[in-house]
Each structure stands twice: as structure tokens, then as C-alpha cells.
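To keep things clear, I will list the structure first and then write my remarks on it.
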Amino acid sequence: MTKNTNTSYTLVCGLEIHAELKTQSKMFCSCKNDPFHAQQPNIYTCPVCLGMPGGLPVANKKAIDWTIKLGLALNCQINLFSKFDRKHYFYPDLPKGYQISQYDIPFCENGYIETSEGRVGIRRIHLEEDTGKLLHKEIDGKKVSLIDFNRGGVPLVEVVTEPDIKSANQAKEYGKKLRQILRYLDIADCDMEQGGMRLEANISLADQPDTLPNYKVEVKNINSFRYMEQAINFEVDRQAEILDKHETPIQETRGFNPNTAKTFSQRIKEDAQDYRYFPDPDLAPIHFTQAQIDTLQANLPELPEELIKRWHDQFQIETKYADQLIISQDKSKWWQELFELAVKLEVKPNDLVKAVINKKFVVDYQQPIATIIANYQKENQTDSLDESELSDVITQVINQNPNEVSAYQAGKIALLNFFIGQVMRKLGKKVEMTRVKTLIEKALS
Amino acid sequence: MNLNHLTLKNALDLVAKKQVTVEEINHDVDKEIAKVNDKLNIYLTLNPEKNSSDQDKPLKGLPIAVKDNFCTKNLRTTASSTLLDNFIPQFDATVVTKLKNAGGHIVGKTNMDAWAHGSSTETSQYGRTLNPRNTDHLPGGSSGGSAAAVASDTCLAALGTETAGSIRQPAAWCGVVGLKPTYGRVSRFGIVSMASSTDSPGPITKTVEDSAILFNLIAGADPRDGTTSTDQVPDLTKSLNKSIKGLKIGVIYLDLPGLEKIKAIYEQELKIFETLGAKVEFAKAMDPKDAISVYTIVQRGEVSSNLGRYTGIRYGFDRSHFGAEAKRRIMLGTYTLSKGYADQYYTLAQKVRTLFIQDYQRLFSQYDVLVAPTSPGFAKKIGATKGEAMFGELEDMLVEASSLSGFPGLNVPCFRDEKTNLYLGLNVMAPMWREDLVVQVGDAFEKNTKWNSWRQEQ
């Protein structure tokens, strides 16, 4: 895992991922939640999200329900009693001087996502409000900072993992799975470029597996999974080099520069910042009944993981293809119907899917599925071919290429493709390849 | 008689009978303001606009004074701090909207303790208000301007806010009626937040009946304030002129040290309840001194958070405009919410707050209402707050516990000192959501005693 070093370390990594929920209105007011399509700055604002005197928050019920849904989808325990807390810090994009967040009782705790490299525990999922956006510009020769509050107050979920991640690749897989679930539940767009999903990685290296190092480096503002992978790999090398010298990396916050694929120091964390959390007195605590949670659980769709498994069992769809098809519930439902009809019409669903993924066959979601399958069948129709015609051609090819035949029989099995090619050319017809292959093998043996 | 001396109820009746016009009343109110405002310093901003189209609405366009911490659209709102000297809100507080919709005319914005921090108006950065009953004395606070506006007949009724005594204490000192509704009964939206968990807007008026009328118009659930109750709001005018026979009244706090001078007066005045057929008993409540500690910690913590938005970045002036009292509260609140101290202070204070609630619940299981002096004494002289950082807390000691507990309370004048022309007030408290009981008992007291100064004029 590490290079240029003699010692091997174990990566200890946890992720904090923020995603904006795509509710109609903002988290604590009725302003439109659509910051990325706003035509002008500060058009979706009101006294509440601008933090004007007397503005009071009223919690968006849908955002809370969606957070619980996410929690259930990620195998979390749901706290039947929860609340919002004020997190205080000063920054010009935070108009109230505090962010409404959740401190000690988040909506969801103790969940997990399975990855190919093992389970990644989810410590907590909480709901908070996003901040405004600062723009640093020069206007009439003067350097100014402008604030756009269209994003201020947009509901934001934060999903925090346990330090279970053992490789950059696993981090990427986890992130992708989380994004898939958020999109699949239809609660977030996760537009990474716009900042609709933001990644932070806590990275450190341990001498021994299953021990926690005494320092932690936080890499912030990563806006793609590829960059996250690069950032983690860079940090692993950087920290290993320091540890090899028997020094401890500095506890700090670092940024990531996509141009150099390197992280850089932003802020040294000498002390944990004191946010002076306390329960927001403007928002009553939230009580759920188990029945409410059960209803949300019952209304959860079949999740990507389960669907991939079921499609595999039911339609023999390969996992790598299914993973790419599962984008939304609507599309999955559409594919499900297509697969069912395909089976009836004796088309193998996996063949069709494979053709689609490899861009050999184009599907239009607007078309009736029957038409799509008919088109597929037409494109992949095999001409009728009689057994003796095929045998004749094979015999011809074998006779014309004695050298290749001896070479093949001497063990150069790769030549099989040569024979298949020759036979196909001679036939000049669309035929099922497996059938040709089997017959050639038989003739040559 | 000058028409500005009318109670709200009488004015409404006379206008309805077309014996006087709203214009005539407004004229007399304006004349009175012109006469006394320079000296008393009641109004910080006068509303240049008059509504003429409100004749058919419940308040018919009559002049109501509004405390300067209610946001009023296009009308400067300062909370008596120069930090907001140039702040003109783009929106109305919900209560202001309701008042306007009901045909209330906002005559102007009244002085208060800056950010509502205090019980004297002496922390106002626009100078103190004088008590109209005796100008050597303070009007109390923080809603001192609104109480003084009512006492000076420079409006027919007023709105104030109470976090712990800020309606009832100035009402007591100015000899007027003040109703602090149950927390959550009246919307806080658009009111400059002080201590969010106790802020309660309410009427300050000449009579209990006027408070009932205003309460009916401003109370109720607000979708913009998640802490308002969706319960049905009682019609408080139905609790007027109602017998109190058989009601059980518990008297608390009268035995506290420091109240010796006024104890006899209260004992005398409370006799009327027995005459009216109520059962009066002395009861023991939790020591209100502990309420000071709880309130100080809870309120300072919330203040330090609520004032964090006044950075001067988007509106108003910068933080250098915070006065000494605001700074003290921000410092103290920041400290008590700090890591390692929050459990020791804020969280602990909230636990003691629960003890107060339980204590009141115990008392209310035995009594229909509780009564106590609103303030430990008469209005203090001007300058009394100098060097007294805890002035407000000591003055508000007797109402803080009920404010922290969220219960409704009403101040009704219960004595006037003939030499000084200063008043004492009786605080009538009832269980959560039972404003009807405080109005019933307050109204009965008012109508059967001589202390309401508008009584002769009715």
C-alpha cells in the first residue's frame, strides 16, 4: 500500500459526506430550494434564511422523513427522540452566527454499508442547514466579497462513517454506494461539481492493524471520488514518510489540489473548536413513534444492493452491469418490466443489458419495451443455417490451412479465433458464434 | 375630556355609536405625544402614516403603541440599540400583521431596555423613559416605553414582550395592566429574539378588558413560529364580569425577606377576594432566588447566541454599538455555553427549571390561580441601576419563576401611594393555557377595587 518505505502501515480512514436534499423548500423556511438553477443571487431568500432579527426556523418535515429513510436504507438505528442544536461559529456565509445542526442526538446512528473490502460502519447521520456561498470578486477595481444566500438554509444531511476504511479504493466504493442510495431514494441529486455532495476524509496511518493513531489529518472540499482516491493515496505516502522518520504528522485540516493531485495544509488544529452547542430553543424536540418509523421502513423501495442480487438470481444479470443500470426507482422498474418481457420472448436479459452497457445497442426509455425487444431481436437475428452447410465450410477451412491446424493441435489454442474468423467470412451470414466455435473445436480435436 | 384618556373598550364603543371619530381620538393622542414625549422619552419613532380605511375592522384604526423590538415593515426597528439605528425591516412581525389586519394603527415604536436587557429602560441607548406617574422614577422594563405610553395616555393600548417580567413589572410600576400570555400562545416571529425559550409578546393596557380584547386579536398558532400552540385560543372577553366565587387562590412570596414594607398592603388588598367568595390561602413556593440563577444562565446563554447575528455585515452597524449590558450578557452566556461548562451551567439550569415547573404544577393542583406581588416594591428612582449589574434580576425575581415555567400572568394595579403617585401591582398566575383564569380574577379585582386610574373616567 505504501511506496518508498520499508515499514508497512495500515490506513485508518473515515469519511464525512454532506449531501443536499432536494426538497421543494429549504430546511427551516418556505423559500425555494434550487440554488444551482437560480437566475440571480439571493432570490430565494427571506427573513428566516437571511437571519434577520425575529426570523424563526420551522423544520421541514419532509427533510426529516427523508433523513430517516436514508438512515433505514443504511441499516441505522433511528432515535425516537431527537432535536436540533445550534452550532456557533463566525463566518460571513452563516447569517445567524450559528448553524442549526444536530449535536448529541442525531436522527440516525450505527448503520453500515457493505463494500467488496468489508463493511464500513456509519456512526451517525444528522440533518442541518447549508450555508450561503461567498464570491470573491473585483468590482470597479475594488476587491470585494459577495454573499449569495440562495444556498443558505438548504437541507443538508451529513453521513459520518467509523474509521473502518482500509484503502482509497474502498473509500471510493463506499462513496459511490452512498451516492447511489441517495439518488435511488430520490432524495438528493448529489451533483458533486456544484457542491450538492461534498467529501471529507479523515486519514491517518497505524503501525498495527486495529489500533487508532494518535493524530488525524482531515482533507476537506474534495468534489469527486477520483480526487478522493488521489487525496487518500497522496496522504498515505506523505504520512508514511513522516512516520518512517519516527515523527508524528501534524493534526491539521488540508485541502486538495486536483491539478497536482496533492493535498496542502490549510489550518492547523491546535484545539478543537468550541461550537457552544445547545438545543435550539426555537425548535421543539422531535418525538417519533415506532409506528411512524415502521411506516417509513415499510415504504422503503427495494434497495440497489437487494435489486442487484435479485436480478442476478431471477434474470442472471451480471452484477457489474446491474450496478450501472440502477440509477433510479423509475428506471429500475422499467428494466424489471423489460427483463420480464424479454424472458417471455426468449431473449436473454443479460445479453441485452451487455449490449446496452457496451454501447452496441441503444435503448430509448420513451419507447414501448416490446418495441425495444423487437429491435434487439432484429439486430441480433441469426440467419438460418443448416448443419451440413456449416460442416462443409469448416472442412474447407481446415483443409486450406494445414499449418495452422498443426500449430493448433500442437497447443497454440489462441488460433481458434483465427479459424472462427475464417469460417464466419466464408459463411457471410449472421450466425451464433458459440455454435460455430463448438463445431470447429470438435473438428480440430 | 380628552379623547386620549379613553380606554380601548370605551373608544371602540363611542366610535361604534358614532359619538366620536377615530380621527378625533388620533388627534388627541398626537397632541398628547407632542406635549409629553420630549420629556418622557416614550416613543423612539413615530409612524407618519395613518390608516383611514380600518373603520370596519375590530380596532377601527385606533392608536396602539408597539415596543421597538417588533419588526414593523418600513418603520424603523431598533430594539433600543444604536446598532440597529438605521434598520428598517422589510417585513412585519406576525403580531404586527395581526394588529394591522384587525385595524390597529401603530402610533409609534416605544423605548425599551436595549435588546430587552433590563427592567428600567436605563439600558436603552436612546436614553431612559420617565415614569408618567412620577417623573423622578423609572417606568420599569424592558417594556417600559409601552407601559409609560399607556400610563401617559399617549396611546389607547400597547404591545410589549416579556421574557421574565418585562410586561408585568413595568405595568406594575406604571400602574397599568399587563398580560403575559402562556409561552407559545402568541407568535414570536419578527420579534428581535432575546431568550427564545421564554419570550412572550402580550398586551399592556389601561384595563383588564382591554388586554382581553387585544389578546384575542394577537393570539394563536403561527406557521412561522414552530413553538406556537395549535390549541384553540379562548375568547378572553368571556371571562370578564364573571364571579370568582369558590375559586381557590394561593398567595405566594409574601413572606419573603425584603417584602416587609409592602406585605401589609397586599394582605389588606387581597381581602376583596374573600369578599367576592373566593378561598384565599397562603402557600409556599420554591425560593424565587433560585429562579434568578436559572434565569440568568438560561437567558444569558440564549442571548449570546441570538445576538451573534449582529455583525454589521448585512444590516445595521457593527458590534461596537453593543452597550455595556449587552456585552456583559454576551460574555456571561458565551462562558456558560462553553465546552466543559455547558453541563455545569446551562444543562443544570434547565434541570432546575424543570423543578420550578413541577413546583408550580404542584401548586396548581391545589389552587386555581396563584397571586403574588409583581415587584418587590414601588418604581425605583431614575439612576437606580447604576452599578447594579443584577438590577433587573432582583426586580423581576417574583415573576422569573413563572416566566421560566411558561405560565400566563397578569399584572393588575392594586395600590397607589398618595404621596408619590406610584403604584404596586398584583401578579395573577394560572396554569398553562389558562389566560381565561388570570383575566377572570384580574378583572374581578380591578372592578371591585379603586386602583384603576381610568375607573373614574369610565
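Simple scheme: letters A, B, ... for chains in C-alpha cells order, numbers from 1 for residues in each chain, numbers from 1 for ligands in the order shown.
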
Determine which residues of chain B sit within 9 Å of chain A, taking into account only C-alpha atoms, and present them as an MDAnalysis selection string.
chainID B and resid 69:71 89:91 93 188:193 195:198 223:227 301:302 305:311 313:315 334:339 342 346:347

Find the residues near A:Leu338: any atom within 10 Å, counting only C-alpha atoms, skip ones fewer than 5 places away on the same chain, and give them as a count of residues only.
11

Report as number ranges by chain: the residues of stretch 76-261 of chain A with a DSSP assignment of alpha helix (DSSP H), based on the backbone of this structure.
A: 168-184, 225-244

Return as a PyMOL selection string the full set of residues in stretch 194-227 of chain B whose backbone-based DSSP assignment is strand (DSSP E or B).
chain B and resi 200-205+219+222+225

Distance in Å - atom CA of B:Asn4 versus atom CA of B:Ile88
28.4 Å

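Here atom CA of A:Leu300 and atom CA of A:Cys76 stand 13.5 Å from one another.
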